[in-house]
>>> print(open('input_16.tsv').read())   # TSV, C-alpha atoms
chain	number	residue	atom	x	y	z
G	1	MET	CA	37.12	13.55	-25.29
G	2	THR	CA	34.74	10.82	-24.24
G	3	THR	CA	31.76	10.37	-21.92
G	4	ALA	CA	31.75	6.93	-20.31
G	5	SER	CA	29.42	5.04	-18.03
G	6	VAL	CA	30.89	2.62	-15.53
G	7	THR	CA	29.34	-0.57	-14.18
G	8	THR	CA	30.74	-2.25	-11.10
G	9	ASP	CA	29.97	-5.04	-8.65
G	10	ILE	CA	26.29	-5.67	-7.88
G	11	ASN	CA	26.93	-4.56	-4.27
G	12	ILE	CA	27.17	-0.78	-4.22
G	13	GLY	CA	27.38	0.41	-0.62
G	14	PRO	CA	23.89	-0.15	0.79
G	15	PHE	CA	22.41	-0.93	-2.63
G	16	LYS	CA	22.29	-4.13	-4.67
G	17	ILE	CA	21.98	-3.23	-8.36
G	18	PRO	CA	22.66	-5.70	-11.19
G	19	SER	CA	24.78	-4.34	-14.01
G	20	ASN	CA	21.87	-4.07	-16.47
G	21	GLY	CA	20.02	-2.07	-13.77
G	22	GLN	CA	23.12	0.11	-13.37
G	23	ASN	CA	23.11	0.74	-17.11
G	24	MET	CA	19.41	1.66	-17.04
G	25	ILE	CA	20.00	4.13	-14.20
G	26	MET	CA	23.03	5.73	-15.88
G	27	ASN	CA	21.45	5.88	-19.33
G	28	ASN	CA	18.35	7.50	-17.90
G	29	TYR	CA	20.53	10.00	-16.03
G	30	ALA	CA	22.43	10.74	-19.25
G	31	GLN	CA	19.22	11.30	-21.17
G	32	ARG	CA	17.79	13.63	-18.51
G	33	ASN	CA	21.00	15.65	-18.50
G	34	ASN	CA	21.53	15.75	-22.29
G	35	LEU	CA	24.67	13.61	-22.11
G	36	VAL	CA	25.61	11.05	-24.74
G	37	VAL	CA	27.37	7.93	-23.47
G	38	GLU	CA	30.07	6.87	-25.92
G	39	LEU	CA	31.79	4.18	-23.92
G	40	ALA	CA	30.54	1.62	-21.38
G	41	ILE	CA	33.25	0.48	-18.99
G	42	PRO	CA	32.79	-2.71	-16.98
G	43	GLU	CA	34.86	-2.71	-13.80
G	44	PRO	CA	35.47	-6.18	-12.32
G	45	LEU	CA	33.33	-7.42	-9.47
G	46	MET	CA	34.71	-7.31	-5.93
G	47	SER	CA	36.84	-4.25	-6.64
G	48	ASN	CA	36.20	-0.58	-6.06
G	49	ALA	CA	39.60	0.64	-7.23
G	50	LEU	CA	38.27	1.95	-10.58
G	51	VAL	CA	41.55	0.79	-12.16
G	52	THR	CA	40.03	0.00	-15.56
G	53	VAL	CA	38.55	3.49	-15.73
G	54	GLN	CA	41.95	5.04	-14.94
G	55	TRP	CA	43.73	2.84	-17.49
G	56	LEU	CA	41.19	3.79	-20.17
G	57	HIS	CA	41.50	7.45	-19.25
G	58	ASN	CA	45.19	7.29	-20.15
G	59	GLU	CA	44.27	5.74	-23.52
G	60	ARG	CA	41.11	7.60	-24.41
G	61	LYS	CA	41.23	10.85	-22.40
G	62	LEU	CA	37.82	10.60	-20.76
G	63	SER	CA	36.18	13.96	-20.19
G	64	ARG	CA	33.21	12.76	-18.21
G	65	ILE	CA	32.26	9.57	-16.41
G	66	ILE	CA	28.91	8.50	-15.03
G	67	LEU	CA	28.59	6.17	-12.06
G	68	CYS	CA	25.44	5.04	-10.29
G	69	SER	CA	26.49	6.21	-6.83
G	70	ILE	CA	29.12	7.85	-4.66
G	71	HIS	CA	29.39	4.41	-2.99
G	72	GLN	CA	31.35	3.16	-6.03
G	73	LEU	CA	34.31	5.39	-5.19
G	74	PRO	CA	37.39	3.78	-3.61
G	75	VAL	CA	37.62	3.46	0.15
G	76	SER	CA	41.30	2.88	0.89
G	77	GLN	CA	43.56	5.91	1.05
G	78	ASP	CA	46.13	4.76	-1.51
G	79	ARG	CA	43.42	4.02	-4.08
G	80	ILE	CA	41.76	7.36	-3.39
G	81	GLU	CA	45.07	9.13	-3.97
G	82	LYS	CA	45.64	7.31	-7.27
G	83	LEU	CA	42.16	8.20	-8.47
G	84	LEU	CA	42.57	11.85	-7.44
G	85	SER	CA	45.91	12.27	-9.14
G	86	ASN	CA	44.88	10.45	-12.34
G	87	MET	CA	41.37	11.81	-12.79
G	88	GLU	CA	41.33	15.28	-11.30
G	89	ASP	CA	40.42	16.75	-14.69
G	90	VAL	CA	37.47	14.41	-15.33
G	91	GLU	CA	33.87	15.43	-14.57
G	92	PHE	CA	32.18	12.84	-12.33
G	93	HIS	CA	28.41	12.25	-12.32
G	94	PHE	CA	26.61	10.17	-9.70
G	95	ALA	CA	23.19	9.25	-11.01
G	96	LEU	CA	21.37	8.15	-7.86
G	97	GLU	CA	22.51	11.13	-5.82
G	98	GLY	CA	22.01	13.43	-8.80
G	99	ILE	CA	25.26	15.28	-8.21
G	100	SER	CA	28.18	16.12	-10.47
G	101	GLY	CA	31.47	17.98	-10.34
G	102	LYS	CA	35.15	17.95	-11.04
G	103	GLY	CA	38.42	18.10	-9.12
G	104	ARG	CA	40.02	16.91	-5.91
G	105	ASN	CA	37.72	18.77	-3.49
G	106	PHE	CA	34.55	17.55	-5.16
G	107	LEU	CA	35.69	13.93	-5.14
G	108	LEU	CA	36.92	14.14	-1.55
G	109	GLU	CA	33.52	15.56	-0.49
G	110	CYS	CA	31.77	12.67	-2.27
G	111	ILE	CA	34.06	10.11	-0.61
G	112	LYS	CA	33.45	11.77	2.77
G	113	GLU	CA	29.67	11.65	2.29
G	114	ALA	CA	29.78	7.99	1.24
G	115	LYS	CA	31.76	7.25	4.39
G	116	ILE	CA	29.21	9.07	6.56
G	117	PHE	CA	26.44	6.89	5.14
G	118	MET	CA	28.44	3.68	5.42
G	119	ASN	CA	29.22	4.46	9.07
G	120	SER	CA	25.61	5.17	9.96
G	121	GLN	CA	23.45	2.49	11.51
G	122	THR	CA	20.80	0.89	9.34
G	123	ILE	CA	17.68	-1.02	10.32
G	124	ASP	CA	17.45	-4.27	8.37
G	125	SER	CA	13.97	-4.08	6.85
G	126	THR	CA	13.97	-7.82	6.17
G	127	LYS	CA	14.18	-8.52	9.89
G	128	THR	CA	11.59	-6.12	11.26
G	129	THR	CA	7.85	-5.52	11.22
G	130	TRP	CA	5.67	-2.44	11.01
G	131	LEU	CA	4.91	-2.74	14.69
G	132	ASP	CA	8.61	-3.02	15.56
G	133	LEU	CA	9.30	0.14	13.57
G	134	TYR	CA	6.44	1.93	15.30
G	135	ASN	CA	7.78	0.88	18.70
G	136	MET	CA	11.25	2.15	17.74
G	137	MET	CA	9.76	5.55	17.02
G	138	GLN	CA	7.85	5.54	20.32
G	139	LYS	CA	10.96	4.64	22.32
G	140	ASN	CA	13.07	7.25	20.57
G	141	ASN	CA	15.03	9.37	23.00
G	142	LYS	CA	14.99	13.01	22.07
G	143	LYS	CA	18.41	14.16	20.83
V	1	MET	CA	3.15	22.40	24.16
V	2	ASP	CA	6.04	19.93	24.22
V	3	LEU	CA	6.42	19.32	20.51
V	4	TYR	CA	8.40	16.11	20.92
V	5	LYS	CA	5.72	14.57	23.17
V	6	GLU	CA	2.96	15.64	20.80
V	7	LEU	CA	4.75	14.10	17.82
V	8	VAL	CA	5.88	10.87	19.43
V	9	HIS	CA	3.27	10.14	22.09
V	10	GLY	CA	0.40	12.51	21.22
V	11	LYS	CA	-1.50	13.17	18.01
V	12	GLY	CA	1.62	12.53	15.93
V	13	TYR	CA	1.36	15.87	14.16
V	14	ALA	CA	1.34	19.55	15.07
V	15	VAL	CA	0.81	22.91	13.42
V	16	PHE	CA	3.60	25.42	14.03
V	17	SER	CA	4.68	28.86	12.88
V	18	ILE	CA	7.71	29.19	10.62
V	19	GLU	CA	10.55	30.74	12.66
V	20	ASN	CA	12.39	32.58	9.93
V	21	MET	CA	9.89	34.18	7.57
V	22	GLN	CA	12.64	35.97	5.66
V	23	ILE	CA	14.01	32.63	4.44
V	24	PHE	CA	10.55	31.20	3.87
V	25	GLU	CA	9.43	34.20	1.79
V	26	LYS	CA	12.66	33.89	-0.19
V	27	LEU	CA	11.81	30.22	-0.73
V	28	ARG	CA	8.38	31.15	-2.09
V	29	ASP	CA	9.90	33.82	-4.34
V	30	SER	CA	12.50	31.35	-5.61
V	31	PHE	CA	9.69	28.94	-6.48
V	32	ILE	CA	7.88	31.67	-8.45
V	33	ALA	CA	11.07	32.61	-10.30
V	34	LYS	CA	12.14	29.03	-11.05
V	35	ILE	CA	8.82	27.61	-12.20
V	36	ASN	CA	8.77	30.54	-14.61
V	37	ILE	CA	5.11	30.58	-15.58
V	38	SER	CA	4.75	33.84	-17.41
V	39	ASN	CA	1.34	35.41	-17.21
V	40	GLY	CA	1.78	39.11	-17.75
V	41	SER	CA	4.23	41.26	-15.83
V	42	GLU	CA	2.80	40.64	-12.36
V	43	LYS	CA	4.33	37.61	-10.70
V	44	ASN	CA	3.13	36.58	-7.29
V	45	ILE	CA	2.05	33.27	-5.84
V	46	ASP	CA	-1.66	33.80	-6.53
V	47	VAL	CA	-1.01	34.72	-10.16
V	48	VAL	CA	1.02	31.51	-10.53
V	49	ARG	CA	-1.69	29.47	-8.74
V	50	LYS	CA	-4.42	30.85	-10.98
V	51	ALA	CA	-2.40	30.17	-14.13
V	52	ILE	CA	-1.63	26.60	-13.03
V	53	ALA	CA	-5.30	25.91	-12.26
V	54	LYS	CA	-6.05	26.45	-15.97
V	55	MET	CA	-3.13	24.38	-17.30
V	56	SER	CA	-3.29	20.80	-18.56
V	57	LYS	CA	-1.52	18.06	-16.62
V	58	ALA	CA	1.14	17.84	-19.35
V	59	GLU	CA	1.75	21.60	-19.18
V	60	ILE	CA	2.08	21.45	-15.39
V	61	ASN	CA	4.53	18.54	-15.57
V	62	LYS	CA	6.58	20.42	-18.15
V	63	SER	CA	6.70	23.51	-15.91
V	64	MET	CA	7.68	21.43	-12.92
V	65	ILE	CA	10.82	20.28	-14.76
V	66	ASN	CA	11.99	23.88	-14.29
V	67	LEU	CA	12.05	23.15	-10.55
V	68	LEU	CA	14.95	20.70	-10.99
V	69	THR	CA	17.16	23.75	-10.62
V	70	PHE	CA	15.71	24.44	-7.15
V	71	THR	CA	18.54	22.46	-5.56
V	72	ASN	CA	18.58	24.24	-2.18
V	73	LEU	CA	14.88	23.84	-1.36
V	74	SER	CA	15.61	21.29	1.40
V	75	GLU	CA	18.12	23.54	3.14
V	76	MET	CA	15.79	26.53	2.84
V	77	MET	CA	12.94	24.60	4.46
V	78	ILE	CA	15.14	23.31	7.28
V	79	ASN	CA	16.68	26.76	7.83
V	80	SER	CA	13.18	28.27	8.03
V	81	CYS	CA	12.65	26.43	11.32
V	82	PRO	CA	16.09	25.62	12.76
V	83	LYS	CA	15.15	25.67	16.44
V	84	LEU	CA	12.31	23.22	15.93
V	85	VAL	CA	14.55	20.89	13.92
V	86	GLU	CA	17.37	21.10	16.45
V	87	THR	CA	14.98	20.44	19.35
V	88	LEU	CA	13.84	17.22	17.74
V	89	CYS	CA	17.02	15.93	16.08
V	90	GLY	CA	20.06	17.92	17.16
V	91	LYS	CA	22.34	19.84	14.83
V	92	GLU	CA	23.69	16.92	12.81
V	93	LEU	CA	21.08	15.66	10.39
V	94	PHE	CA	20.24	13.57	7.42
V	95	ILE	CA	17.90	15.69	5.29
V	96	GLN	CA	16.11	14.91	2.07
V	97	ARG	CA	18.47	15.56	-0.84
V	98	ARG	CA	15.70	17.15	-2.89
V	99	ALA	CA	12.62	18.40	-1.03
V	100	HIS	CA	9.32	17.96	-2.85
V	101	THR	CA	7.09	20.62	-4.32
V	102	ILE	CA	3.51	19.43	-4.71
V	103	ILE	CA	0.97	21.11	-6.94
V	104	ASN	CA	-2.68	20.14	-6.61
V	105	VAL	CA	-5.18	21.30	-9.18
V	106	PRO	CA	-8.79	22.03	-8.16
V	107	GLY	CA	-11.81	20.18	-9.48
V	108	GLU	CA	-13.30	16.71	-9.41
V	109	GLY	CA	-11.34	14.09	-11.30
V	110	GLN	CA	-7.97	15.71	-10.66
V	111	ALA	CA	-5.19	13.59	-9.20
V	112	LYS	CA	-5.19	13.44	-5.43
V	113	GLN	CA	-3.00	11.71	-2.89
V	114	TRP	CA	-4.71	8.75	-1.26
V	115	THR	CA	-4.32	8.09	2.44
V	116	HIS	CA	-0.86	6.78	3.29
V	117	TYR	CA	1.95	6.66	5.85
V	118	GLU	CA	5.28	8.24	4.98
V	119	MET	CA	6.88	5.02	6.25
V	120	ILE	CA	5.81	3.16	3.10
V	121	SER	CA	8.61	4.88	1.19
V	122	GLY	CA	11.38	3.45	3.39
V	123	ILE	CA	12.37	6.49	5.41
V	124	SER	CA	13.55	5.81	8.96
V	125	PRO	CA	10.98	5.57	11.78
V	126	TYR	CA	13.04	8.35	13.40
V	127	SER	CA	12.21	10.79	10.59
V	128	TYR	CA	9.90	13.77	10.70
V	129	VAL	CA	8.17	15.51	7.82
V	130	ILE	CA	7.54	19.24	7.50
V	131	TRP	CA	4.74	20.21	5.10
V	132	ALA	CA	4.25	23.88	4.30
V	133	PRO	CA	1.91	25.62	1.84
V	134	LEU	CA	3.29	28.59	-0.10
V	135	HIS	CA	0.07	30.60	0.45
V	136	ASP	CA	-2.98	30.73	2.74
V	137	LEU	CA	-5.10	27.59	2.61
V	138	GLU	CA	-8.66	28.86	2.70
V	139	ASP	CA	-10.36	25.88	1.05
V	140	HIS	CA	-10.06	22.11	1.23
V	141	GLY	CA	-6.87	22.06	-0.82
V	142	GLY	CA	-4.70	21.17	2.16
V	143	VAL	CA	-3.85	17.86	3.79
V	144	TYR	CA	-5.91	15.90	6.33
V	145	TYR	CA	-4.21	14.02	9.15
V	146	ILE	CA	-5.53	11.06	11.11
V	147	ASP	CA	-4.23	11.15	14.65
V	148	GLN	CA	-1.61	8.68	15.73
V	149	LYS	CA	-3.92	6.64	17.96
V	150	GLU	CA	-6.28	5.85	15.09
V	151	SER	CA	-3.43	5.54	12.55
V	152	SER	CA	-1.57	3.02	14.71
V	153	GLU	CA	-4.71	1.00	15.45
V	154	ILE	CA	-5.31	0.67	11.72
V	155	MET	CA	-1.67	-0.26	11.15
V	156	LYS	CA	-1.91	-3.00	13.81
V	157	LYS	CA	-5.13	-4.40	12.30
V	158	GLU	CA	-3.59	-4.38	8.83
V	159	GLU	CA	-0.40	-6.04	10.02
V	160	ALA	CA	-2.45	-8.79	11.66
V	161	SER	CA	-4.03	-9.50	8.28
V	162	GLY	CA	-0.72	-9.25	6.40
V	163	LEU	CA	-1.47	-5.97	4.64
V	164	VAL	CA	0.08	-2.52	4.45
V	165	ASN	CA	-1.94	0.35	3.00
V	166	GLY	CA	-4.78	-2.02	2.21
V	167	PRO	CA	-8.44	-1.20	1.51
V	168	MET	CA	-9.04	-0.07	5.10
V	169	VAL	CA	-6.53	2.75	4.57
V	170	LEU	CA	-7.23	3.42	0.91
V	171	ASN	CA	-10.95	3.87	1.57
V	172	MET	CA	-10.36	6.57	4.17
V	173	MET	CA	-10.49	9.46	1.71
V	174	GLN	CA	-14.20	10.02	2.22
V	175	HIS	CA	-15.38	12.74	4.59
V	176	GLN	CA	-11.92	14.00	5.49
V	177	LYS	CA	-11.43	17.67	6.27
V	178	PRO	CA	-8.00	19.07	5.40
V	179	THR	CA	-6.37	21.41	7.89
V	180	ARG	CA	-6.58	25.12	7.04
V	181	LEU	CA	-3.37	27.07	7.40
V	182	LYS	CA	-2.07	30.59	6.85
V	183	PHE	CA	1.08	31.30	4.83
V	184	GLY	CA	3.85	31.01	7.42
V	185	GLN	CA	2.24	28.08	9.19
V	186	ALA	CA	3.33	24.51	8.60
V	187	ILE	CA	2.61	21.00	9.83
V	188	ILE	CA	5.17	18.61	11.21
V	189	PHE	CA	4.30	14.93	11.56
V	190	ASN	CA	5.82	11.55	12.28
V	191	PRO	CA	5.99	8.91	9.53
V	192	PHE	CA	3.25	6.72	11.06
V	193	VAL	CA	0.49	9.32	10.82
V	194	LEU	CA	-1.96	8.60	8.01
V	195	HIS	CA	-2.65	11.55	5.76
V	196	GLY	CA	-3.79	12.48	2.28
V	197	ASN	CA	-5.80	15.06	0.40
V	198	VAL	CA	-9.20	15.34	-1.24
V	199	SER	CA	-10.73	17.08	-4.26
V	200	PHE	CA	-11.37	20.75	-3.72
V	201	ASN	CA	-13.05	23.61	-5.54
V	202	SER	CA	-11.20	26.83	-6.14
V	203	LYS	CA	-9.95	29.13	-8.89
V	204	PHE	CA	-6.45	28.54	-7.57
V	205	ALA	CA	-4.12	25.54	-7.54
V	206	ARG	CA	-2.60	24.52	-4.22
V	207	ILE	CA	1.20	24.66	-3.95
V	208	ALA	CA	3.14	23.23	-1.03
V	209	CYS	CA	6.61	21.94	-0.19
V	210	ASN	CA	7.67	19.15	2.11
V	211	VAL	CA	10.96	17.92	3.49
V	212	ARG	CA	11.97	14.86	5.51
V	213	PHE	CA	14.75	14.86	8.09
V	214	GLN	CA	16.16	12.77	10.90
V	215	SER	CA	19.00	12.84	13.39
V	216	TYR	CA	22.38	11.76	12.03
V	217	ASN	CA	22.71	9.65	15.19
V	218	GLU	CA	19.61	7.54	14.52
V	219	PRO	CA	19.57	4.57	12.14
V	220	LEU	CA	18.45	4.76	8.54
V	221	LEU	CA	15.94	2.36	7.02
V	222	GLN	CA	15.91	1.88	3.23
V	223	LYS	CA	16.54	5.46	2.17
V	224	ASN	CA	20.24	6.18	1.90
V	225	SER	CA	22.45	8.54	-0.12
V	226	ASP	CA	20.00	8.22	-3.02
V	227	TYR	CA	17.46	10.21	-1.02
V	228	LEU	CA	19.22	11.80	1.93
V	229	LYS	CA	22.28	13.91	2.50
V	230	TYR	CA	24.27	14.86	5.56
V	231	TYR	CA	23.53	18.37	6.79
V	232	ARG	CA	24.71	20.31	9.81
V	233	LEU	CA	22.57	23.17	11.07
V	234	PRO	CA	24.46	26.48	11.17
>>> encode(input="input_16.tsv", output="structure tokens")
Amino acid sequence: MTTASVTTDINIGPFKIPSNGQNMIMNNYAQRNNLVVELAIPEPLMSNALVTVQWLHNERKLSRIILCSIHQLPVSQDRIEKLLSNMEDVEFHFALEGISGKGRNFLLECIKEAKIFMNSQTIDSTKTTWLDLYNMMQKNNKK
Amino acid sequence: MDLYKELVHGKGYAVFSIENMQIFEKLRDSFIAKINISNGSEKNIDVVRKAIAKMSKAEINKSMINLLTFTNLSEMMINSCPKLVETLCGKELFIQRRAHTIINVPGEGQAKQWTHYEMISGISPYSYVIWAPLHDLEDHGGVYYIDQKESSEIMKKEEASGLVNGPMVLNMMQHQKPTRLKFGQAIIFNPFVLHGNVSFNSKFARIACNVRFQSYNEPLLQKNSDYLKYYRLP
């Protein structure tokens, strides 16, 4: 029964976090939640399938895994299904969102929430100014 | 008063009455239970405030860790004023994942929040902030607000000189008078309104909560799933 932390590509949904930063975030989360990380799993860049994690789960029987964010979960349906069927019994922790849980429904809710955020519009803060932002607020149409 | 006009084109902030006091009183009682500061058998907000006013900063920080279990504070704040929230943003929202509880201790030399815009944290310009004390505010322990006209003029001057929250803003703490409120009143403001708090004298600490929210249909800025969550009003 092992607790593992998982690093992935630097691009995590809307965030850009280098792997040493990911480790700092997950280790801090573990410390705050009295968890002891016994295994650090590096997933390859440019993949969100979490295949290495699933392969290691078969070998090592992971009981708990820590990820930085819900945005590291797979997006395509076939990969989601594989993850759900292989890792339903594993407790997932997402450090940035500060949420944790286990089972198909929990993971599906997390995937749904990640999708909601990825589908929402985002203002590029590198291409705007304070005055632009202020004008956006002033031109806001009441919903 | 048209709240939307006041917030977007008027002063930028407004005092309002909490709609659902049952939920808000439950919120206050949950805070008292979760912070778990034992001081005899009587437990009410003033007993907690008085006890906190005598505690060291380290003791207060330690007690505040107990509030990590207050995971539904955001929802409770939003559900205390659902009509107001719906009027401004509709039913589908992004709300702060974990609303803040802020404790201010009386006396000179205690930590205070310097003047700032909420925008500096990276929330969307389409966000609103609700700030609500958990008791009457009868002293200067509350928050002062600088109306939008003055706030935006300062922002424009600062932007022209390449600064954000520079000395012009940081030096605004002098001579400010925080708004006095009754328990059950709150302030809503847009993220461009400058605000802060000052030192105050009292036997009681000041305890307040705040929550940020925006319409699900408006764009985000830098805050994402790390700070916000999707929420649909009942």
>>> residues_around(input="input_16.tsv", residues="segment 27-42 of chain G", least_positions_apart="5", cutoff="6 Å", atoms="all atoms listed in the file", output="PDB file with C-alpha atoms, keeping the file's coordinate frame")
ATOM      1  CA  THR G   3      31.760  10.370 -21.920  1.00  0.00           C
ATOM      2  CA  ALA G   4      31.750   6.930 -20.310  1.00  0.00           C
ATOM      3  CA  SER G   5      29.420   5.040 -18.030  1.00  0.00           C
ATOM      4  CA  VAL G   6      30.890   2.620 -15.530  1.00  0.00           C
ATOM      5  CA  THR G   7      29.340  -0.570 -14.180  1.00  0.00           C
ATOM      6  CA  ALA G  95      23.190   9.250 -11.010  1.00  0.00           C
TER       7      ALA G  95
END
>>> closest_residue(input="input_16.tsv", among="V:Phe192, V:Phe183, V:Tyr231, V:Trp131", to="Cys209 of chain V", atoms="all atoms listed in the file")
V:Trp131
>>> atom_distance(input="input_16.tsv", atom1="atom CA of Ile187 of chain V", atom2="atom CA of Phe16 of chain V")
6.2 Å
>>> closest_residue(input="input_16.tsv", among="V:Met76, V:Leu137, V:Val47, V:Leu7", to="Leu88 of chain V", atoms="all atoms listed in the file")
V:Leu7
>>> residues_around(input="input_16.tsv", residues="segment 73-77 of chain G", least_positions_apart="6", cutoff="8 Å", atoms="all atoms listed in the file", output="list in words")
Asn48, Ala49, Leu50 and Ile111 of chain G
>>> interface_residues(input="input_16.tsv", of="chain G", to="chain V", cutoff="12 Å", atoms="all atoms listed in the file", output="ChimeraX atom specification")
/G:12-16,25,32-33,68-72,94-99,109-143
>>> closest_residue(input="input_16.tsv", among="V:Leu27, V:Met168, V:Ile35, V:Leu84", to="His135 of chain V", atoms="all atoms listed in the file")
V:Leu27
>>> closest_residue(input="input_16.tsv", among="V:Ile65, V:Val143, V:Ala99, V:Met77", to="Met21 of chain V", atoms="only C-alpha atoms")
V:Met77
>>> atom_distance(input="input_16.tsv", atom1="atom CA of Pro178 of chain V", atom2="atom CA of Lys62 of chain V")
27.7 Å
>>> closest_residue(input="input_16.tsv", among="V:Ser56, V:Asn72, V:Ser63, V:Ser80", to="Gln22 of chain V", atoms="all atoms listed in the file")
V:Ser80
>>> closest_residue(input="input_16.tsv", among="V:Val15, V:Ile60, V:Leu73, V:Ile23", to="Asn36 of chain V", atoms="all atoms listed in the file")
V:Ile60
>>> axis_aligned_box(input="input_16.tsv", around="segment 146-160 of chain V", padding_each_side="3 Å", output="AutoDock Vina command-line options")
--center_x -3.3 --center_y 1.2 --center_z 13.4 --size_x 11.9 --size_y 25.9 --size_z 15.1
>>> residues_around(input="input_16.tsv", residues="Leu62 of chain G", least_positions_apart="6", cutoff="9 Å", atoms="only C-alpha atoms", output="PyMOL selection string")
chain G and resi 1-4+53+56+87+90-91
